[in-house]
>>> print(open('input-v1.cif').read())   # mmCIF, C-alpha atoms
data_work
#
loop_
_atom_site.group_PDB
_atom_site.id
_atom_site.type_symbol
_atom_site.label_atom_id
_atom_site.label_comp_id
_atom_site.auth_asym_id
_atom_site.auth_seq_id
_atom_site.Cartn_x
_atom_site.Cartn_y
_atom_site.Cartn_z
ATOM 1 C CA MET A 581 0.000 0.000 0.000
ATOM 2 C CA THR A 582 1.419 3.374 -1.019
ATOM 3 C CA ALA A 583 2.051 5.816 1.815
ATOM 4 C CA THR A 584 0.290 9.163 1.755
ATOM 5 C CA ALA A 585 1.459 12.451 3.228
ATOM 6 C CA GLY A 586 -1.421 12.553 5.679
ATOM 7 C CA ARG A 587 -0.816 9.077 7.095
ATOM 8 C CA TYR A 588 2.945 8.727 6.912
ATOM 9 C CA ARG A 589 4.926 8.516 10.179
ATOM 10 C CA PRO A 590 8.655 9.392 9.920
ATOM 11 C CA ASN A 591 11.250 6.813 10.891
ATOM 12 C CA ASP A 592 13.834 7.523 13.556
ATOM 13 C CA TYR A 593 17.383 8.653 12.762
ATOM 14 C CA SER A 594 18.615 9.291 16.291
ATOM 15 C CA GLU A 595 21.887 11.187 16.569
ATOM 16 C CA ARG A 596 22.811 8.678 19.264
ATOM 17 C CA LEU A 597 23.569 6.284 16.427
ATOM 18 C CA LEU A 598 26.781 8.321 16.078
ATOM 19 C CA ALA A 599 27.889 7.579 19.647
ATOM 20 C CA VAL A 600 30.446 5.066 18.356
ATOM 21 C CA LEU A 601 32.294 7.856 16.557
ATOM 22 C CA PRO A 602 34.712 10.305 18.165
ATOM 23 C CA SER A 603 32.832 13.561 18.647
ATOM 24 C CA GLN A 604 34.285 17.024 18.477
ATOM 25 C CA PRO A 605 32.830 20.225 19.866
ATOM 26 C CA PRO A 606 30.489 21.494 18.713
ATOM 27 C CA TYR A 607 28.627 18.219 18.188
ATOM 28 C CA LEU A 608 26.346 18.466 15.178
ATOM 29 C CA GLY A 609 24.645 15.095 15.011
ATOM 30 C CA CYS A 610 21.272 16.826 15.374
ATOM 31 C CA GLY A 611 21.764 18.592 12.046
ATOM 32 C CA ILE A 612 22.472 15.298 10.297
ATOM 33 C CA SER A 613 19.521 13.670 12.003
ATOM 34 C CA THR A 614 17.000 16.363 11.071
ATOM 35 C CA ILE A 615 18.186 16.386 7.477
ATOM 36 C CA LEU A 616 17.595 12.638 7.296
ATOM 37 C CA HIS A 617 14.203 13.060 8.972
ATOM 38 C CA GLY A 618 13.262 15.730 6.424
ATOM 39 C CA ILE A 619 14.346 13.518 3.534
ATOM 40 C CA ASP A 620 12.411 10.603 4.988
ATOM 41 C CA MET A 621 9.278 12.738 5.283
ATOM 42 C CA SER A 622 9.648 14.103 1.763
ATOM 43 C CA THR A 623 10.092 10.642 0.240
ATOM 44 C CA LEU A 624 7.359 9.113 2.444
ATOM 45 C CA GLY A 625 9.808 6.488 3.658
ATOM 46 C CA GLU A 626 11.371 5.613 0.304
ATOM 47 C CA PHE A 627 14.711 6.908 1.603
ATOM 48 C CA SER A 628 14.542 4.691 4.708
ATOM 49 C CA THR A 629 13.536 1.635 2.687
ATOM 50 C CA THR A 630 16.015 -0.818 1.133
ATOM 51 C CA PRO A 631 15.785 -1.846 -2.556
ATOM 52 C CA ALA A 632 14.187 -5.057 -1.288
ATOM 53 C CA GLY A 633 11.326 -3.025 0.203
ATOM 54 C CA ARG A 634 12.256 -3.426 3.868
ATOM 55 C CA LEU A 635 12.915 -0.685 6.382
ATOM 56 C CA LYS A 636 16.592 -0.017 6.962
ATOM 57 C CA ASN A 637 17.930 -1.576 10.130
ATOM 58 C CA LYS A 638 20.040 0.104 12.786
ATOM 59 C CA ARG A 639 23.309 -0.605 10.980
ATOM 60 C CA GLN A 640 22.021 0.835 7.693
ATOM 61 C CA ARG A 641 20.663 3.966 9.363
ATOM 62 C CA THR A 642 23.944 4.431 11.177
ATOM 63 C CA ALA A 643 25.680 4.298 7.781
ATOM 64 C CA ASP A 644 23.392 7.112 6.574
ATOM 65 C CA MET A 645 24.298 9.173 9.636
ATOM 66 C CA VAL A 646 28.021 8.515 9.151
ATOM 67 C CA ARG A 647 27.921 9.890 5.585
ATOM 68 C CA GLY A 648 26.588 13.147 6.949
ATOM 69 C CA TRP A 649 29.044 13.148 9.839
ATOM 70 C CA ARG A 650 32.033 12.762 7.531
ATOM 71 C CA THR A 651 30.824 15.826 5.643
ATOM 72 C CA PHE A 652 30.822 17.840 8.875
ATOM 73 C CA LYS A 653 34.249 16.575 9.914
ATOM 74 C CA ARG A 654 35.836 17.899 6.707
ATOM 75 C CA VAL A 655 34.660 21.467 7.291
ATOM 76 C CA PRO A 656 35.307 23.377 10.560
ATOM 77 C CA ASP A 657 32.146 24.729 12.155
ATOM 78 C CA SER A 658 31.923 28.006 14.053
ATOM 79 C CA ASN A 659 28.633 28.030 15.944
ATOM 80 C CA GLY A 660 27.357 24.515 16.554
ATOM 81 C CA ILE A 661 24.308 24.695 14.275
ATOM 82 C CA PRO A 662 23.977 23.766 10.616
ATOM 83 C CA ASP A 663 24.330 26.914 8.532
ATOM 84 C CA THR A 664 23.197 27.030 4.910
ATOM 85 C CA ASP A 665 26.421 25.595 3.508
ATOM 86 C CA ASP A 666 26.503 22.912 6.212
ATOM 87 C CA TYR A 667 22.929 21.917 5.551
ATOM 88 C CA GLU A 668 23.311 21.697 1.782
ATOM 89 C CA ARG A 669 26.631 19.866 2.064
ATOM 90 C CA ILE A 670 25.157 17.167 4.305
ATOM 91 C CA HIS A 671 22.051 16.882 2.132
ATOM 92 C CA ARG A 672 24.139 16.299 -0.999
ATOM 93 C CA ALA A 673 26.230 13.723 0.834
ATOM 94 C CA VAL A 674 23.318 11.603 2.045
ATOM 95 C CA ALA A 675 20.848 12.095 -0.844
ATOM 96 C CA PRO A 676 22.612 13.426 -3.967
ATOM 97 C CA SER A 677 19.685 12.580 -6.270
ATOM 98 C CA LEU A 678 17.157 14.722 -4.398
ATOM 99 C CA PRO A 679 16.530 18.487 -4.645
ATOM 100 C CA LEU A 680 17.985 20.781 -2.008
ATOM 101 C CA PRO A 681 15.781 22.061 0.835
ATOM 102 C CA ASP A 682 14.459 25.609 0.686
ATOM 103 C CA LYS A 683 15.940 28.054 3.169
ATOM 104 C CA LEU A 684 13.552 30.179 5.241
ATOM 105 C CA TRP A 685 15.133 32.613 7.698
ATOM 106 C CA THR A 686 12.480 34.901 9.114
ATOM 107 C CA ARG A 687 11.501 36.968 12.138
ATOM 108 C CA ASN A 688 7.820 36.276 11.603
ATOM 109 C CA ARG A 689 6.355 33.158 13.233
ATOM 110 C CA SER A 690 3.422 33.184 10.830
ATOM 111 C CA ASP A 691 5.814 32.556 7.928
ATOM 112 C CA VAL A 692 6.750 29.217 9.488
ATOM 113 C CA ILE A 693 3.148 28.372 10.361
ATOM 114 C CA ASP A 694 2.130 29.018 6.746
ATOM 115 C CA GLN A 695 4.776 26.534 5.596
ATOM 116 C CA LEU A 696 3.557 23.917 8.069
ATOM 117 C CA LYS A 697 -0.012 24.347 6.807
ATOM 118 C CA ALA A 698 1.230 24.087 3.217
ATOM 119 C CA GLY A 699 2.593 20.597 3.875
ATOM 120 C CA MET A 700 6.236 21.340 4.583
ATOM 121 C CA ALA A 701 8.437 19.557 7.083
ATOM 122 C CA VAL A 702 10.435 22.267 8.844
ATOM 123 C CA SER A 703 13.935 21.740 10.214
ATOM 124 C CA ILE A 704 14.373 24.431 12.850
ATOM 125 C CA ALA A 705 17.360 25.525 14.962
ATOM 126 C CA VAL A 706 16.599 25.955 18.679
ATOM 127 C CA ARG A 707 18.427 27.016 21.867
ATOM 128 C CA LEU A 708 17.077 24.655 24.520
ATOM 129 C CA ARG A 709 19.128 25.815 27.495
ATOM 130 C CA ILE A 710 16.633 28.627 28.026
ATOM 131 C CA PHE A 711 14.304 25.999 29.520
ATOM 132 C CA GLY A 712 16.759 24.709 32.109
ATOM 133 C CA ALA A 713 17.440 21.036 32.801
ATOM 134 C CA THR A 714 14.234 19.719 31.224
ATOM 135 C CA ASN A 715 12.116 20.799 28.299
ATOM 136 C CA PRO A 716 9.307 19.297 26.206
ATOM 137 C CA ILE A 717 11.215 19.488 22.932
ATOM 138 C CA ASP A 718 14.145 17.058 23.305
ATOM 139 C CA PHE A 719 16.546 15.410 25.742
ATOM 140 C CA THR A 720 19.274 18.052 25.669
ATOM 141 C CA THR A 721 20.056 21.597 26.736
ATOM 142 C CA ALA A 722 22.490 22.249 23.894
ATOM 143 C CA ASP A 723 21.910 24.363 20.810
ATOM 144 C CA HIS A 724 19.916 21.952 18.753
ATOM 145 C CA GLN A 725 18.047 21.165 15.559
ATOM 146 C CA VAL A 726 14.623 19.466 15.439
ATOM 147 C CA LEU A 727 12.072 18.667 12.756
ATOM 148 C CA ILE A 728 8.494 19.901 13.081
ATOM 149 C CA TRP A 729 5.551 19.225 10.791
ATOM 150 C CA GLY A 730 1.780 19.273 10.498
ATOM 151 C CA THR A 731 -0.828 21.972 11.011
ATOM 152 C CA PRO A 732 -0.727 23.057 14.684
ATOM 153 C CA VAL A 733 -3.581 21.600 16.723
ATOM 154 C CA ASP A 734 -4.443 23.001 20.171
ATOM 155 C CA GLY A 735 -1.198 24.978 20.019
ATOM 156 C CA GLU A 736 0.922 21.846 19.572
ATOM 157 C CA VAL A 737 2.955 20.530 16.661
ATOM 158 C CA ASN A 738 4.654 17.250 15.758
ATOM 159 C CA VAL A 739 8.355 17.137 16.702
ATOM 160 C CA MET A 740 11.136 14.682 15.854
ATOM 161 C CA GLY A 741 13.738 14.935 18.631
ATOM 162 C CA PRO A 742 17.154 13.731 17.411
ATOM 163 C CA MET A 743 18.515 13.160 20.933
ATOM 164 C CA ARG A 744 15.860 10.596 21.742
ATOM 165 C CA PRO A 745 17.295 7.060 21.953
ATOM 166 C CA TYR A 746 17.111 5.122 18.699
ATOM 167 C CA SER A 747 13.810 3.306 18.448
ATOM 168 C CA THR A 748 11.785 1.402 15.880
ATOM 169 C CA THR A 749 8.581 2.720 17.446
ATOM 170 C CA TYR A 750 9.396 6.424 17.919
ATOM 171 C CA HIS A 751 7.773 8.496 15.171
ATOM 172 C CA GLY A 752 7.856 11.885 16.870
ATOM 173 C CA HIS A 753 5.971 13.482 19.746
ATOM 174 C CA ARG A 754 3.802 16.522 20.388
ATOM 175 C CA ALA A 755 5.143 19.778 21.854
ATOM 176 C CA PRO A 756 3.816 23.339 22.291
ATOM 177 C CA LEU A 757 4.636 25.322 19.152
ATOM 178 C CA HIS A 758 5.100 28.584 21.076
ATOM 179 C CA LEU A 759 7.941 26.958 23.044
ATOM 180 C CA VAL A 760 9.567 25.779 19.821
ATOM 181 C CA PHE A 761 9.383 29.348 18.499
ATOM 182 C CA ARG A 762 10.698 30.768 21.750
ATOM 183 C CA ALA A 763 13.751 28.477 21.578
ATOM 184 C CA ALA A 764 14.188 29.246 17.878
ATOM 185 C CA GLU A 765 14.146 33.013 18.428
ATOM 186 C CA ALA A 766 16.725 32.703 21.207
ATOM 187 C CA ILE A 767 19.418 31.169 19.037
ATOM 188 C CA ASN A 768 20.073 34.132 16.741
ATOM 189 C CA GLY A 769 18.588 37.335 18.138
ATOM 190 C CA GLY A 770 15.015 36.670 17.072
ATOM 191 C CA LEU A 771 15.858 35.315 13.620
ATOM 192 C CA ILE A 772 14.191 31.927 13.121
ATOM 193 C CA LEU A 773 16.465 29.614 11.106
ATOM 194 C CA THR A 774 14.607 26.928 9.144
ATOM 195 C CA TRP A 775 14.945 24.675 6.100
ATOM 196 C CA LEU A 776 11.911 23.267 4.316
ATOM 197 C CA THR A 777 11.270 19.922 2.648
ATOM 198 C CA PRO A 778 7.905 19.053 1.042
ATOM 199 C CA ILE A 779 6.133 16.146 2.731
ATOM 200 C CA GLY A 780 5.628 13.581 -0.032
ATOM 201 C CA GLY A 781 7.098 15.940 -2.614
ATOM 202 C CA TRP A 782 10.248 13.937 -3.285
ATOM 203 C CA THR A 783 8.878 10.459 -3.861
ATOM 204 C CA GLN A 784 9.908 8.814 -7.117
ATOM 205 C CA ALA A 785 6.386 9.340 -8.453
ATOM 206 C CA SER A 786 6.210 13.040 -7.552
ATOM 207 C CA LEU A 787 9.709 13.783 -8.854
ATOM 208 C CA GLY A 788 8.873 11.902 -12.050
ATOM 209 C CA ALA A 789 5.698 13.932 -12.442
ATOM 210 C CA ASP A 790 7.648 17.173 -11.916
ATOM 211 C CA LYS A 791 10.202 16.107 -14.521
ATOM 212 C CA LEU A 792 7.435 15.235 -16.976
ATOM 213 C CA ALA A 793 5.731 18.565 -16.349
ATOM 214 C CA ASP A 794 9.001 20.402 -17.023
ATOM 215 C CA ARG A 795 9.455 18.416 -20.239
ATOM 216 C CA ILE A 796 5.914 19.197 -21.379
ATOM 217 C CA ALA A 797 6.453 22.890 -20.603
ATOM 218 C CA THR A 798 9.649 22.868 -22.679
ATOM 219 C CA LEU A 799 7.930 21.136 -25.598
ATOM 220 C CA ARG A 800 5.054 23.593 -25.459
ATOM 221 C CA SER A 801 7.483 26.497 -25.472
ATOM 222 C CA ASP A 802 9.298 25.011 -28.484
ATOM 223 C CA ARG A 803 5.969 24.443 -30.252
ATOM 224 C CA ASN A 804 4.849 28.010 -29.591
ATOM 225 C CA ALA A 805 8.144 29.350 -30.936
ATOM 226 C CA ALA A 806 7.798 27.195 -34.075
ATOM 227 C CA GLU A 807 4.215 28.381 -34.548
ATOM 228 C CA ARG A 808 5.324 32.021 -34.292
ATOM 229 C CA ILE A 809 7.993 31.418 -36.946
ATOM 230 C CA ALA A 810 5.441 29.687 -39.201
ATOM 231 C CA ASP A 811 2.966 32.540 -38.714
ATOM 232 C CA ASN A 812 5.637 35.097 -39.642
ATOM 233 C CA ARG A 813 6.558 33.154 -42.769
ATOM 234 C CA GLN A 814 2.913 32.806 -43.747
ATOM 235 C CA ALA A 815 2.423 36.545 -43.313
ATOM 236 C CA ARG A 816 5.483 37.186 -45.474
ATOM 237 C CA LEU A 817 4.157 34.828 -48.146
ATOM 238 C CA VAL A 818 0.805 36.624 -48.184
ATOM 239 C CA ALA A 819 2.605 39.965 -48.523
ATOM 240 C CA LEU A 820 4.703 38.681 -51.433
ATOM 241 C CA ARG A 821 1.651 37.317 -53.190
ATOM 242 C CA ALA A 822 -0.078 40.671 -52.794
ATOM 243 C CA GLU A 823 2.986 42.428 -54.192
ATOM 244 C CA LEU A 824 3.059 40.053 -57.157
ATOM 245 C CA ALA A 825 -0.619 40.720 -57.817
ATOM 246 C CA VAL A 826 0.062 44.471 -57.960
ATOM 247 C CA ILE A 827 2.912 43.931 -60.430
ATOM 248 C CA LYS A 828 0.716 41.815 -62.670
ATOM 249 C CA GLU A 829 -2.041 44.434 -62.633
ATOM 250 C CA THR A 830 0.284 47.328 -63.606
ATOM 251 C CA GLN A 831 2.297 45.623 -66.411
ATOM 252 C CA PRO A 832 1.188 45.824 -70.166
ATOM 253 C CA SER A 833 -1.757 43.611 -70.924
ATOM 254 C CA ASP A 834 0.130 41.872 -73.750
ATOM 255 C CA CYS A 835 3.912 41.755 -73.803
ATOM 256 C CA ASP A 836 4.207 39.414 -76.796
ATOM 257 C CA PRO A 837 4.835 42.164 -79.455
ATOM 258 C CA LEU A 838 7.610 43.634 -77.349
ATOM 259 C CA ILE A 839 9.198 40.246 -76.904
ATOM 260 C CA ASP A 840 8.914 39.447 -80.633
ATOM 261 C CA ASN A 841 10.494 42.771 -81.611
ATOM 262 C CA ALA A 842 13.362 42.190 -79.207
ATOM 263 C CA HIS A 843 13.989 38.733 -80.615
ATOM 264 C CA ALA A 844 13.903 40.087 -84.194
ATOM 265 C CA ALA A 845 16.318 42.900 -83.345
ATOM 266 C CA ALA A 846 18.712 40.469 -81.719
ATOM 267 C CA HIS A 847 18.550 38.125 -84.710
ATOM 268 C CA GLU A 848 19.168 40.948 -87.180
ATOM 269 C CA SER A 849 22.117 42.231 -85.183
ATOM 270 C CA ALA A 850 23.691 38.766 -85.116
ATOM 271 C CA HIS A 851 23.174 38.360 -88.870
ATOM 272 C CA VAL A 852 24.815 41.699 -89.619
ATOM 273 C CA GLN A 853 27.777 40.874 -87.395
ATOM 274 C CA SER A 854 28.241 37.564 -89.245
ATOM 275 C CA ILE A 855 28.283 39.223 -92.683
ATOM 276 C CA GLU A 856 30.772 41.829 -91.515
ATOM 277 C CA TRP A 857 33.070 39.148 -90.088
ATOM 278 C CA HIS A 858 33.073 37.128 -93.310
ATOM 279 C CA GLU A 859 33.725 40.263 -95.370
ATOM 280 C CA GLU A 860 36.644 41.139 -93.110
ATOM 281 C CA GLN A 861 38.142 37.683 -93.568
ATOM 282 C CA ARG A 862 37.763 37.883 -97.363
ATOM 283 C CA MET A 863 39.497 41.237 -97.478
ATOM 284 C CA ARG A 864 42.480 39.955 -95.461
ATOM 285 C CA GLY A 865 43.208 37.196 -97.916
ATOM 286 C CA PRO A 866 45.312 34.038 -97.416
ATOM 287 C CA ALA A 867 48.374 35.895 -96.139
ATOM 288 C CA ASP A 868 46.451 37.188 -93.125
ATOM 289 C CA VAL A 869 45.045 33.810 -92.092
#
>>> encode(input="input-v1.cif", output="structure tokens")
Amino acid sequence: MTATAGRYRPNDYSERLLAVLPSQPPYLGCGISTILHGIDMSTLGEFSTTPAGRLKNKRQRTADMVRGWRTFKRVPDSNGIPDTDDYERIHRAVAPSLPLPDKLWTRNRSDVIDQLKAGMAVSIAVRLRIFGATNPIDFTTADHQVLIWGTPVDGEVNVMGPMRPYSTTYHGHRAPLHLVFRAAEAINGGLILTWLTPIGGWTQASLGADKLADRIATLRSDRNAAERIADNRQARLVALRAELAVIKETQPSDCDPLIDNAHAAAHESAHVQSIEWHEEQRMRGPADV
């Protein structure tokens, strides 16, 4: 049965899967995790499914996380959160065949809410230490990255918390959206840092449909250009025919006498030239030949 955007539950890519690797401050496993969560949401689980049609196991999901981690390790980070270059670099490393997320950096909460209502999964940077030792968003007090999605209901939104222990049953939890925004506004002076991925928009079927639509648009553009060229040529042909009609109407009604006279004059001139040449040869005599 094909998954739909309204029924799909994201699979867990806990950053704790990277615990076997040497970490370095600042630790950015949350950025890798939320990118993978966003990709999983946008492909409706196709990304987290093996070619055989089974969900990836813990080892396979760890391998996905490691690809993103290696990308981070190659580039020094300055602030502990995924900036635009970081985010795009990780995304290309783990899913090179998919489009890049859209960046949305805004000071207006309603901009983010509009994206949630439009069916976007939103990766959002948050500063959780403002809540103290515990908070309803995730199991950490560090600067963090979480994924939120779905139209807010009763002031709450769906949240994928990367610091939750890896689980085959965790598909996100509910948290107050105003607290998510409060933590997001604290991380960069009120500027909310988000990246957007379309829920269900990157499945093979939807990407194929987009590619087909682009191809059809290109063909239509080419056809329209060809039709404009044909119309211009047809207009030119009509103009030439009209010009020819004018010429025919203004020329003598019968040109045959003129043509006959010209032919006769040409023939007479040639005959005279022939007689003169023969007379010249006769006058020269044998010695001149």
>>> resolve_selection(input="input-v1.cif", expression="the PyMOL selection byres ((chain A and resi 633-650) around 7)", output="list in words")
Tyr593, Leu597, Leu598, Ile612, Ser613, Ser628, Thr629, Thr630, Pro631, Ala632, Thr651, Phe652, Lys653, Arg654, Ile670, Ala673 and Val674 of chain A
>>> residues_around(input="input-v1.cif", residues="A:Gly625", least_positions_apart="6", cutoff="10 Å", atoms="only C-alpha atoms", output="count of residues only")
11
>>> closest_residue(input="input-v1.cif", among="A:Thr584, A:Thr623, A:Asn804, A:Ser594", to="A:Ser747", atoms="all atoms listed in the file")
A:Ser594
>>> residues_around(input="input-v1.cif", residues="stretch 723-732 of chain A", least_positions_apart="6", cutoff="7 Å", atoms="all atoms listed in the file", output="VMD selection string")
chain A and resid 610 to 611 614 660 to 661 696 to 697 699 to 708 738 to 742
>>> atom_distance(input="input-v1.cif", atom1="atom CA of A:Arg754", atom2="atom CA of A:Asp718")
10.8 Å
>>> atom_distance(input="input-v1.cif", atom1="atom CA of A:Ala797", atom2="atom CA of A:Asp620")
29.0 Å
>>> closest_residue(input="input-v1.cif", among="A:Val733, A:Ser786, A:Met743, A:Gly769", to="A:Phe719", atoms="only C-alpha atoms")
A:Met743
>>> closest_residue(input="input-v1.cif", among="A:Ala815, A:Ile796, A:Leu678, A:Ala585", to="A:Leu624", atoms="all atoms listed in the file")
A:Ala585
>>> closest_residue(input="input-v1.cif", among="A:Gln814, A:Asn715, A:Ser801, A:Thr664", to="A:Leu773", atoms="only C-alpha atoms")
A:Thr664
>>> atom_distance(input="input-v1.cif", atom1="atom CA of A:Gly618", atom2="atom CA of A:Thr777")
6.0 Å
>>> axis_aligned_box(input="input-v1.cif", around="stretch 804-822 of chain A", padding_each_side="5 Å", output="AutoDock Vina command-line options")
--center_x 4.0 --center_y 33.9 --center_z -41.4 --size_x 18.2 --size_y 23.5 --size_z 33.6
>>> residues_around(input="input-v1.cif", residues="A:Thr686", least_positions_apart="4", cutoff="8 Å", atoms="only C-alpha atoms", output="PDB file with C-alpha atoms, keeping the file's coordinate frame")
ATOM      1  CA  ASP A 691       5.814  32.556   7.928  1.00  0.00           C
ATOM      2  CA  LEU A 771      15.858  35.315  13.620  1.00  0.00           C
ATOM      3  CA  ILE A 772      14.191  31.927  13.121  1.00  0.00           C
ATOM      4  CA  LEU A 773      16.465  29.614  11.106  1.00  0.00           C
TER       5      LEU A 773
END
